[in-house]
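Have a look at my_file-v2.pdb; it's PDB, C-alpha atoms:
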ATOM      1  CA  MET A   1       6.747 -44.556 -10.547
ATOM      2  CA  ALA A   2       8.739 -41.628  -9.248
ATOM      3  CA  PHE A   3       9.552 -38.405 -11.074
ATOM      4  CA  PRO A   4      11.613 -37.843 -13.248
ATOM      5  CA  TYR A   5      10.133 -40.068 -15.909
ATOM      6  CA  SER A   6      11.995 -41.484 -18.870
ATOM      7  CA  SER A   7      11.084 -42.000 -22.481
ATOM      8  CA  GLY A   8       8.878 -45.082 -22.789
ATOM      9  CA  ASP A   9       7.621 -45.039 -19.198
ATOM     10  CA  VAL A  10       3.967 -46.013 -18.844
ATOM     11  CA  LEU A  11       2.402 -43.545 -16.430
ATOM     12  CA  THR A  12      -0.554 -44.325 -14.224
ATOM     13  CA  ALA A  13      -3.136 -41.913 -12.851
ATOM     14  CA  ALA A  14      -1.316 -42.029  -9.515
ATOM     15  CA  ASP A  15       1.936 -41.056 -11.239
ATOM     16  CA  LEU A  16       0.290 -38.062 -12.899
ATOM     17  CA  ASN A  17      -1.536 -37.004  -9.747
ATOM     18  CA  GLN A  18       1.632 -36.824  -7.705
ATOM     19  CA  SER A  19       3.506 -34.997 -10.438
ATOM     20  CA  SER A  20       1.290 -31.944 -10.541
ATOM     21  CA  GLY A  21       2.449 -29.327  -8.070
ATOM     22  CA  LEU A  22      -0.182 -26.705  -8.721
ATOM     23  CA  VAL A  23      -3.511 -28.027  -9.951
ATOM     24  CA  LEU A  24      -6.033 -25.770 -11.670
ATOM     25  CA  VAL A  25      -9.255 -26.052  -9.682
ATOM     26  CA  LYS A  26     -11.473 -23.429 -11.287
ATOM     27  CA  THR A  27     -11.388 -20.626 -13.833
ATOM     28  CA  GLN A  28     -13.911 -17.814 -13.533
ATOM     29  CA  THR A  29     -14.223 -15.277 -16.323
ATOM     30  CA  VAL A  30     -15.028 -11.787 -15.076
ATOM     31  CA  GLY A  31     -17.828  -9.838 -16.710
ATOM     32  CA  SER A  32     -17.987  -6.162 -17.523
ATOM     33  CA  GLY A  33     -18.468  -3.458 -14.899
ATOM     34  CA  VAL A  34     -18.774  -5.762 -11.904
ATOM     35  CA  SER A  35     -18.221  -4.497  -8.395
ATOM     36  CA  SER A  36     -17.641  -7.989  -7.003
ATOM     37  CA  VAL A  37     -17.136 -11.562  -8.167
ATOM     38  CA  THR A  38     -18.022 -14.580  -6.036
ATOM     39  CA  VAL A  39     -16.294 -17.838  -6.932
ATOM     40  CA  THR A  40     -18.041 -20.899  -5.531
ATOM     41  CA  ASP A  41     -16.669 -24.445  -5.276
ATOM     42  CA  ALA A  42     -13.186 -23.000  -4.926
ATOM     43  CA  PHE A  43     -12.020 -24.834  -1.793
ATOM     44  CA  SER A  44     -12.496 -28.473  -0.815
ATOM     45  CA  ALA A  45     -10.923 -31.326   1.082
ATOM     46  CA  THR A  46      -8.710 -32.100  -1.916
ATOM     47  CA  PHE A  47      -6.209 -29.372  -1.069
ATOM     48  CA  ASP A  48      -5.074 -27.621   2.109
ATOM     49  CA  ALA A  49      -3.483 -24.641   0.334
ATOM     50  CA  TYR A  50      -4.524 -22.594  -2.688
ATOM     51  CA  LYS A  51      -3.336 -19.808  -4.940
ATOM     52  CA  ILE A  52      -5.858 -17.310  -6.308
ATOM     53  CA  VAL A  53      -4.722 -15.428  -9.403
ATOM     54  CA  TYR A  54      -6.503 -12.720 -11.399
ATOM     55  CA  THR A  55      -5.067 -11.508 -14.685
ATOM     56  CA  GLY A  56      -6.158 -10.011 -17.972
ATOM     57  CA  GLY A  57      -8.668  -7.540 -16.568
ATOM     58  CA  THR A  58      -8.852  -3.898 -15.604
ATOM     59  CA  LEU A  59     -10.305  -1.678 -12.935
ATOM     60  CA  SER A  60     -12.357   1.419 -13.649
ATOM     61  CA  THR A  61     -10.159   3.439 -11.310
ATOM     62  CA  GLN A  62      -6.951   3.064  -9.311
ATOM     63  CA  THR A  63      -7.848   0.902  -6.327
ATOM     64  CA  ASP A  64      -7.112  -2.296  -4.493
ATOM     65  CA  PHE A  65      -9.038  -5.543  -4.195
ATOM     66  CA  ALA A  66     -10.469  -7.014  -1.033
ATOM     67  CA  LEU A  67     -11.143 -10.701  -0.513
ATOM     68  CA  VAL A  68     -13.823 -12.201   1.732
ATOM     69  CA  LEU A  69     -14.267 -15.883   2.588
ATOM     70  CA  ASN A  70     -17.819 -17.157   2.302
ATOM     71  CA  ASN A  71     -18.194 -18.218   5.936
ATOM     72  CA  SER A  72     -16.459 -15.379   7.712
ATOM     73  CA  ALA A  73     -17.609 -11.771   7.623
ATOM     74  CA  THR A  74     -15.230 -10.647  10.377
ATOM     75  CA  GLN A  75     -11.949 -11.548  12.157
ATOM     76  CA  TYR A  76      -9.525 -10.559   9.405
ATOM     77  CA  TYR A  77      -6.114  -9.416  10.677
ATOM     78  CA  GLN A  78      -3.183  -8.356   8.547
ATOM     79  CA  PHE A  79      -0.052  -6.282   8.238
ATOM     80  CA  MET A  80       1.446  -4.814   5.087
ATOM     81  CA  ILE A  81       5.022  -3.659   4.623
ATOM     82  CA  LEU A  82       5.128  -1.255   1.738
ATOM     83  CA  GLY A  83       7.053   1.397  -0.107
ATOM     84  CA  THR A  84       6.886   3.753  -3.034
ATOM     85  CA  TYR A  85       8.586   2.928  -6.310
ATOM     86  CA  GLY A  86      11.899   4.704  -6.638
ATOM     87  CA  THR A  87      12.383   5.241  -2.898
ATOM     88  CA  SER A  88      13.897   3.249  -0.030
ATOM     89  CA  THR A  89      11.498   4.319   2.681
ATOM     90  CA  VAL A  90       9.621   1.456   4.273
ATOM     91  CA  ALA A  91       6.176   1.988   5.689
ATOM     92  CA  GLY A  92       3.570  -0.227   7.245
ATOM     93  CA  ALA A  93      -0.168  -0.580   7.510
ATOM     94  CA  GLY A  94      -2.278  -2.998   9.480
ATOM     95  CA  THR A  95      -5.837  -4.035  10.176
ATOM     96  CA  SER A  96      -7.375  -5.743  13.159
ATOM     97  CA  ASN A  97     -10.604  -7.740  13.237
ATOM     98  CA  THR A  98     -12.020  -6.259  10.054
ATOM     99  CA  THR A  99     -14.611  -7.483   7.578
ATOM    100  CA  LYS A 100     -12.269  -8.349   4.728
ATOM    101  CA  TRP A 101      -8.736  -9.154   3.539
ATOM    102  CA  ASN A 102      -7.479  -5.824   2.216
ATOM    103  CA  TRP A 103      -4.843  -5.161  -0.442
ATOM    104  CA  ALA A 104      -5.373  -8.587  -2.023
ATOM    105  CA  GLY A 105      -4.274  -7.052  -5.313
ATOM    106  CA  GLY A 106      -5.048  -3.957  -7.283
ATOM    107  CA  GLY A 107      -4.753  -2.004 -10.458
ATOM    108  CA  ASN A 108      -6.339   0.638 -12.602
ATOM    109  CA  PRO A 109      -7.701   1.088 -16.127
ATOM    110  CA  SER A 110      -4.348  -0.070 -17.502
ATOM    111  CA  GLY A 111      -4.453  -3.452 -15.797
ATOM    112  CA  ALA A 112      -5.212  -5.323 -12.598
ATOM    113  CA  VAL A 113      -3.789  -8.317 -10.769
ATOM    114  CA  ILE A 114      -4.352 -10.585  -7.794
ATOM    115  CA  SER A 115      -1.988 -13.288  -6.554
ATOM    116  CA  VAL A 116      -2.878 -14.547  -3.090
ATOM    117  CA  ASP A 117      -1.852 -17.720  -1.291
ATOM    118  CA  VAL A 118      -4.559 -19.044   1.015
ATOM    119  CA  PHE A 119      -3.829 -21.717   3.621
ATOM    120  CA  ASN A 120      -6.386 -23.972   5.352
ATOM    121  CA  PRO A 121      -9.565 -22.336   3.992
ATOM    122  CA  TYR A 122     -11.540 -25.601   3.922
ATOM    123  CA  LEU A 123     -10.188 -26.934   7.201
ATOM    124  CA  ALA A 124     -11.708 -26.152  10.599
ATOM    125  CA  LYS A 125      -8.719 -23.974  11.406
ATOM    126  CA  TYR A 126      -7.598 -20.383  11.033
ATOM    127  CA  THR A 127      -7.132 -19.395   7.390
ATOM    128  CA  TYR A 128      -3.829 -17.687   6.628
ATOM    129  CA  PHE A 129      -3.044 -15.415   3.675
ATOM    130  CA  THR A 130       0.078 -14.038   2.045
ATOM    131  CA  ASN A 131       0.385 -11.895  -1.062
ATOM    132  CA  SER A 132       2.088  -9.002  -2.726
ATOM    133  CA  GLY A 133      -0.299  -6.131  -2.991
ATOM    134  CA  PHE A 134      -0.973  -2.531  -3.781
ATOM    135  CA  TYR A 135      -1.760   0.130  -1.256
ATOM    136  CA  ASN A 136      -3.332   3.496  -1.959
ATOM    137  CA  SER A 137      -1.782   4.765  -5.143
ATOM    138  CA  GLU A 138      -0.323   3.334  -8.329
ATOM    139  CA  ALA A 139       3.123   4.178  -6.975
ATOM    140  CA  GLU A 140       2.817   2.116  -3.765
ATOM    141  CA  THR A 141       3.389  -1.605  -3.439
ATOM    142  CA  GLY A 142       4.192  -4.090  -0.723
ATOM    143  CA  PHE A 143       3.755  -7.485   0.853
ATOM    144  CA  THR A 144       1.079  -8.469   3.275
ATOM    145  CA  SER A 145       0.234 -11.470   5.378
ATOM    146  CA  GLY A 146      -2.264 -12.272   8.022
ATOM    147  CA  VAL A 147      -5.056 -14.442   9.183
ATOM    148  CA  ASN A 148      -8.775 -14.958   9.411
ATOM    149  CA  LYS A 149      -9.467 -16.235  12.913
ATOM    150  CA  SER A 150     -12.692 -18.042  12.140
ATOM    151  CA  THR A 151     -12.404 -21.837  12.238
ATOM    152  CA  ASN A 152     -15.310 -22.222   9.859
ATOM    153  CA  SER A 153     -14.828 -24.251   6.693
ATOM    154  CA  HIS A 154     -14.926 -22.116   3.566
ATOM    155  CA  THR A 155     -15.789 -23.272   0.078
ATOM    156  CA  ALA A 156     -15.995 -19.953  -1.769
ATOM    157  CA  PHE A 157     -14.697 -16.410  -1.760
ATOM    158  CA  THR A 158     -15.664 -12.982  -3.063
ATOM    159  CA  ILE A 159     -13.362 -10.456  -4.673
ATOM    160  CA  ASN A 160     -14.443  -6.833  -4.281
ATOM    161  CA  ALA A 161     -13.008  -3.787  -5.950
ATOM    162  CA  SER A 162     -12.555  -1.366  -3.051
ATOM    163  CA  SER A 163     -13.894   1.344  -5.312
ATOM    164  CA  GLY A 164     -15.182   1.267  -8.853
ATOM    165  CA  THR A 165     -15.626  -1.882 -10.906
ATOM    166  CA  MET A 166     -13.621  -4.611 -12.581
ATOM    167  CA  THR A 167     -13.919  -5.751 -16.167
ATOM    168  CA  GLY A 168     -12.697  -8.788 -18.012
ATOM    169  CA  GLY A 169      -9.885 -11.180 -17.326
ATOM    170  CA  ASN A 170     -10.008 -14.438 -15.412
ATOM    171  CA  ILE A 171      -9.832 -15.452 -11.792
ATOM    172  CA  ARG A 172      -8.072 -18.795 -11.462
ATOM    173  CA  VAL A 173      -7.925 -20.947  -8.370
ATOM    174  CA  TYR A 174      -5.070 -23.421  -8.051
ATOM    175  CA  GLY A 175      -4.603 -26.064  -5.399
ATOM    176  CA  TYR A 176      -1.167 -26.930  -4.031
ATOM    177  CA  ASN A 177      -0.973 -30.713  -4.400
ATOM    178  CA  ASN A 178      -1.205 -32.386  -0.978
ATOM    179  CA  GLY A 179       0.769 -35.267  -2.438
TER     180      GLY A 179
ATOM    181  CA  MET B   1      -5.262  12.753  -1.219
ATOM    182  CA  ALA B   2      -8.515  13.746  -2.943
ATOM    183  CA  LEU B   3     -11.849  12.284  -1.953
ATOM    184  CA  TRP B   4     -14.502  10.801  -4.219
ATOM    185  CA  THR B   5     -17.521  13.029  -4.791
ATOM    186  CA  ARG B   6     -20.930  11.674  -5.648
ATOM    187  CA  GLN B   7     -20.848  13.410  -9.005
ATOM    188  CA  GLN B   8     -17.529  11.828  -9.932
ATOM    189  CA  LEU B   9     -18.755   8.377  -8.965
ATOM    190  CA  GLU B  10     -22.062   8.742 -10.780
ATOM    191  CA  GLU B  11     -20.342   9.954 -13.939
ATOM    192  CA  LEU B  12     -17.828   7.113 -13.810
ATOM    193  CA  HIS B  13     -20.445   4.471 -12.990
ATOM    194  CA  PRO B  14     -23.925   5.491 -14.210
ATOM    195  CA  ASP B  15     -26.993   3.738 -12.885
ATOM    196  CA  GLY B  16     -27.553   0.531 -14.836
ATOM    197  CA  THR B  17     -23.871  -0.093 -15.579
ATOM    198  CA  VAL B  18     -22.749  -1.720 -12.322
ATOM    199  CA  SER B  19     -23.222  -5.423 -11.680
ATOM    200  CA  VAL B  20     -22.426  -8.125  -9.164
ATOM    201  CA  GLN B  21     -21.263 -11.541 -10.293
ATOM    202  CA  VAL B  22     -21.626 -15.008  -8.780
ATOM    203  CA  ASP B  23     -19.809 -17.585 -10.879
ATOM    204  CA  ASP B  24     -21.072 -17.015 -14.441
ATOM    205  CA  GLU B  25     -24.193 -15.119 -13.391
ATOM    206  CA  VAL B  26     -23.866 -11.346 -13.734
ATOM    207  CA  THR B  27     -26.713  -9.278 -12.294
ATOM    208  CA  VAL B  28     -27.095  -5.553 -12.848
ATOM    209  CA  MET B  29     -27.663  -3.655  -9.613
ATOM    210  CA  THR B  30     -31.083  -2.176  -9.091
ATOM    211  CA  SER B  31     -31.190   1.581  -8.810
ATOM    212  CA  GLU B  32     -31.536   1.246  -5.055
ATOM    213  CA  GLU B  33     -28.552  -1.074  -4.813
ATOM    214  CA  TRP B  34     -26.538   1.185  -7.135
ATOM    215  CA  SER B  35     -27.331   4.258  -5.042
ATOM    216  CA  ALA B  36     -26.263   2.473  -1.849
ATOM    217  CA  TRP B  37     -23.069   1.336  -3.572
ATOM    218  CA  ILE B  38     -22.342   4.908  -4.608
ATOM    219  CA  ASP B  39     -23.095   6.163  -1.093
ATOM    220  CA  ALA B  40     -20.574   3.733   0.378
ATOM    221  CA  GLN B  41     -17.797   5.255  -1.732
ATOM    222  CA  VAL B  42     -18.611   8.948  -1.436
ATOM    223  CA  GLY B  43     -15.999  10.657   0.692
ATOM    224  CA  THR B  44     -13.478   7.823   0.505
ATOM    225  CA  GLU B  45      -9.961   8.460  -0.667
ATOM    226  CA  LYS B  46      -9.381   8.659  -4.397
ATOM    227  CA  PRO B  47      -5.974   7.067  -4.974
ATOM    228  CA  GLU B  48      -3.531   8.783  -7.236
ATOM    229  CA  GLU B  49      -2.821   7.314 -10.621
ATOM    230  CA  GLY B  50       0.514   7.454 -12.327
ATOM    231  CA  LEU B  51       3.957   6.114 -11.591
ATOM    232  CA  PRO B  52       6.919   8.209 -10.453
ATOM    233  CA  ALA B  53       8.830   9.869 -13.288
TER     234      ALA B  53
END
Write-out of the structure in structure tokens:
Amino acid sequence: MAFPYSSGDVLTAADLNQSSGLVLVKTQTVGSGVSSVTVTDAFSATFDAYKIVYTGGTLSTQTDFALVLNNSATQYYQFMILGTYGTSTVAGAGTSNTTKWNWAGGGNPSGAVISVDVFNPYLAKYTYFTNSGFYNSEAETGFTSGVNKSTNSHTAFTINASSGTMTGGNIRVYGYNNG
Amino acid sequence: MALWTRQQLEELHPDGTVSVQVDDEVTVMTSEEWSAWIDAQVGTEKPEEGLPA
């Protein structure tokens, strides 16, 4: 039965499965004063693309988050286009063959956030990332995209505070329904 | 931009207060691990806090 449904329709499991665009895969509550959080069983053959979201927590100091896939400690490449609130000057920053995905999110003692789209992490292909992010200071923000050039299959990831620690909130992993 | 000093980092994150987490398991760093974690941040840039007026 195709969406949209009507009153009185009897829905099957297949109907419900194909109606969910984003599917919650895992929720990980963050403890207090942690420098990193590893989320296992995040990626699988069920989905090709994922969204990782962190909300409700704080950082001990103004900083950004870095993300590392469990089966690749190198080969991260990215570019960020950024600016400062209240200005129109565009700047850029890039990394080449580094050990992590920088600027995956950020925050400070008043709040922290991550919202990263990850493509192909479980597949034996390059893993691509896109996200809005935070650069060096609370006043800088931008958008970044890039790639991890390992073709390893990843099932987990680690979020690191680039400095200081994170406390509270939840990391949620969503899968984009393959249909 | 200012740089983190060891004293600032130690005051902000005393030994015994920093942990690593894997799923629901939170493990406090040993003193050795904590010291190495502090060392890795000493001298790095200390981002500015505060939004433009």
Selection dump of the PyMOL selection byres ((chain A) within 9 of (chain B)), as a PyMOL selection string: chain A and resi 28-40+60-63+84-86+108+135-140+158+162-165
Reference answer for the PyMOL selection byres ((chain A and resi 152-155) around 6), as a PyMOL selection string: chain A and resi 41-43+70-71+121-124+150-151+156
Residues matched by the PyMOL selection byres ((chain A and resi 27) around 8) as a list in words: Leu24, Val25, Lys26, Gln28, Thr29, Asn170, Ile171, Arg172 and Val173 of chain A
For range 110-113 of chain A: contacts at 7 Å, only C-alpha atoms, fewer than 2 positions along chain excluded, given as a ChimeraX atom specification: /A:54-55,57-59,105-108,115
Test item: which residues lie within 12 Å of (12.0, -35.9, -13.9) counting only C-alpha atoms, as a VMD selection string: chain A and resid 1 to 7 9 15 to 16 19 to 20
Emit as AutoDock Vina command-line options the padded axis-aligned box for all listed atoms of range 35-49 of chain B, 6 Å per side, with centre and edge lengths in Å to one decimal.
--center_x -15.1 --center_y 6.0 --center_z -5.0 --size_x 36.5 --size_y 21.3 --size_z 23.3
Coordinates-based distance that separates CA of Phe47 in chain A from CA of Tyr176 in chain A (Å, one decimal): 6.3 Å
Which protein, DNA or RNA residues are at most 9 Å from (-1.5, -6.0, 9.7) in the file's coordinates when you count only C-alpha atoms, listed as a short mmCIF file (atom, residue, chain, number, x, y, z; two decimals) with C-alpha atoms, keeping the file's coordinate frame?
data_model
loop_
_atom_site.label_atom_id
_atom_site.label_comp_id
_atom_site.auth_asym_id
_atom_site.auth_seq_id
_atom_site.Cartn_x
_atom_site.Cartn_y
_atom_site.Cartn_z
CA TYR A 77 -6.11 -9.42 10.68
CA GLN A 78 -3.18 -8.36 8.55
CA PHE A 79 -0.05 -6.28 8.24
CA MET A 80 1.45 -4.81 5.09
CA ILE A 81 5.02 -3.66 4.62
CA GLY A 92 3.57 -0.23 7.24
CA ALA A 93 -0.17 -0.58 7.51
CA GLY A 94 -2.28 -3.00 9.48
CA THR A 95 -5.84 -4.04 10.18
CA SER A 96 -7.38 -5.74 13.16
CA THR A 144 1.08 -8.47 3.28
CA SER A 145 0.23 -11.47 5.38
CA GLY A 146 -2.26 -12.27 8.02
#
